[in-house]
Amino acid sequence: MKIIIGGAMGRMGREVTAAALNAGMEIVCGVDIMYSGQPMDIPMVTGFDLVEENADVLIDFSRADSLPEILTLATSKGIASVLCTTGYTDVEVARINEASQRIAILRSANMSLGVNLMEELVAIASRALADDFDVEIIEKHHRMKLDSPSGTALMFYDAVRGEKGKDTEPIYGRYGRTHKRTSREIGVHAVRGGTVTGEHEVGFYGNGEQIILTHRAENRALFAQGAIKAASFLSGKPAGLYSMRNVVKEILG
C-alpha cells in the first residue's frame, strides 16, 4: 500500500512513519511546512500542492487549516484520506462531508482503538442509565495541545447526547454559575499541563453509586498504530464518510 503522510515531521507524523514502515507500507511522500531540506527517511515536500505522487491513502496529522489543500489533492487524485486532526470548524466539517461523496474519508477525533471501544461503552451506559445519572467528562493533555476541549471529549459528549437527546446542554466549566446542576447538563472539563499524552474520563454519578469509564494513553505509538489500521481499512473502500467505529466493528466481526 502506498501512503502520503501529512504533518510528517511532527511528533505524530514521525510515529506514523515508523508504524507504516514497520507494517511494510510504502511512504511515497511526506508533507510538512517545517521541512527545509534536512535529511529524512522519506521523500518530503513543504505543501500538499507540491505532491506529485499517487497513493492509495493519505494520513493527516497536520493542522486543521491544511484541510483545503488536502481535499484538493485527495479528490483530484482519488486518494482515500484518514483525517486525524482535530479542531475543524463547522464549515470545514461540511467540506469534509461534501468531499466524502467523491472519495472515501475516515475522520476521527482519536485514532485509538481503545478510545473508540470506550465510545461504544459510553453510549451503552448513557442508554441504560438514562436521566438517573449525571454525566461529567474530564480530559487531560500536555501543555502544548492547542484545542480545548479535546476532540475526543467532544466525541464522548456526542455519544452521550445521542442517547440522552438533543436537549442536553454542554457545560464547559462552572465558574460563575449560581444554580444547582440540572439533569440535562453534561459537564465537559479540560486540564492542560506537563507531558500528559492523553487521558479521558466519563463519569456517571447516581444516587449512592458511580460508574467511571477511563482511557489513558501511555504513548503516542498507539494512535499511529490506529491510523495504520484505519488506512488498511479504508484502502479500496467506496466513497463515503467512515469513522474508527467502522474499523472497530470490522475487527469485532
# chains A, B, ... in the order shown; residues from 1 in each chain; ligands from 1

$ residues_around --residues "Gly203 (chain A)" --least-positions-apart "4" --cutoff "12 Å" --atoms "only C-alpha atoms" --output "PDB file with C-alpha atoms, in the first residue's frame"
ATOM      1  CA  LEU A 121     -19.420   1.683  26.164  1.00  0.00           C
ATOM      2  CA  VAL A 122     -20.320   5.330  26.875  1.00  0.00           C
ATOM      3  CA  ALA A 125     -24.139   3.333  29.675  1.00  0.00           C
ATOM      4  CA  SER A 126     -25.966   6.509  28.642  1.00  0.00           C
ATOM      5  CA  LEU A 129     -28.779   4.836  32.914  1.00  0.00           C
ATOM      6  CA  PHE A 133     -27.252   9.542  36.486  1.00  0.00           C
ATOM      7  CA  ASP A 134     -25.399  12.815  35.945  1.00  0.00           C
ATOM      8  CA  VAL A 135     -22.599  12.733  33.362  1.00  0.00           C
ATOM      9  CA  GLU A 136     -19.276  14.559  33.612  1.00  0.00           C
ATOM     10  CA  ILE A 137     -16.436  14.360  31.076  1.00  0.00           C
ATOM     11  CA  ILE A 138     -12.857  15.251  32.035  1.00  0.00           C
ATOM     12  CA  GLU A 139      -9.906  15.281  29.620  1.00  0.00           C
ATOM     13  CA  PHE A 156     -17.796  11.289  24.087  1.00  0.00           C
ATOM     14  CA  TYR A 157     -20.235  14.166  24.579  1.00  0.00           C
ATOM     15  CA  VAL A 160     -23.979  10.736  25.476  1.00  0.00           C
ATOM     16  CA  ILE A 186     -23.174  17.338  30.591  1.00  0.00           C
ATOM     17  CA  GLY A 187     -20.031  18.733  32.182  1.00  0.00           C
ATOM     18  CA  VAL A 188     -17.005  18.943  29.878  1.00  0.00           C
ATOM     19  CA  HIS A 189     -13.734  19.909  31.529  1.00  0.00           C
ATOM     20  CA  GLU A 209     -23.121   4.920  43.196  1.00  0.00           C
ATOM     21  CA  GLN A 210     -20.705   5.945  40.463  1.00  0.00           C
ATOM     22  CA  ILE A 211     -19.567   4.383  37.209  1.00  0.00           C
ATOM     23  CA  ILE A 212     -16.295   5.788  35.834  1.00  0.00           C
ATOM     24  CA  LEU A 213     -15.017   4.866  32.391  1.00  0.00           C
ATOM     25  CA  THR A 214     -11.403   5.894  31.823  1.00  0.00           C
ATOM     26  CA  HIS A 215      -8.918   5.664  28.975  1.00  0.00           C
TER      27      HIS A 215
END

$ select_by_dssp --residues "region 3-231 of chain A" --states "helix (DSSP H, G or I)" --output "ChimeraX atom specification"
/A:11-22,48-50,64-77,90-99,113-132,151-164,221-231

$ closest_residue --among "A:Asn110, A:Ile4, A:Ala80, A:Glu169" --to "Met44 (chain A)" --atoms "only C-alpha atoms"
A:Ile4

$ atom_distance --atom1 "CA of Ala19 (chain A)" --atom2 "CA of Glu92 (chain A)"
28.2 Å

$ closest_residue --among "A:Gln225, A:Arg192, A:Glu218, A:Arg184" --to "Leu21 (chain A)" --atoms "only C-alpha atoms"
A:Gln225

$ atom_distance --atom1 "CA of Asp131 (chain A)" --atom2 "CA of Ser108 (chain A)"
27.7 Å

$ closest_residue --among "A:Ala221, A:Ala64, A:Val115, A:Val57" --to "Ser81 (chain A)" --atoms "only C-alpha atoms"
A:Val57

$ residues_around --residues "Met12 (chain A)" --least-positions-apart "6" --cutoff "9 Å" --atoms "only C-alpha atoms" --output "VMD selection string"
chain A and resid 61 to 62 220 to 221 223 to 224
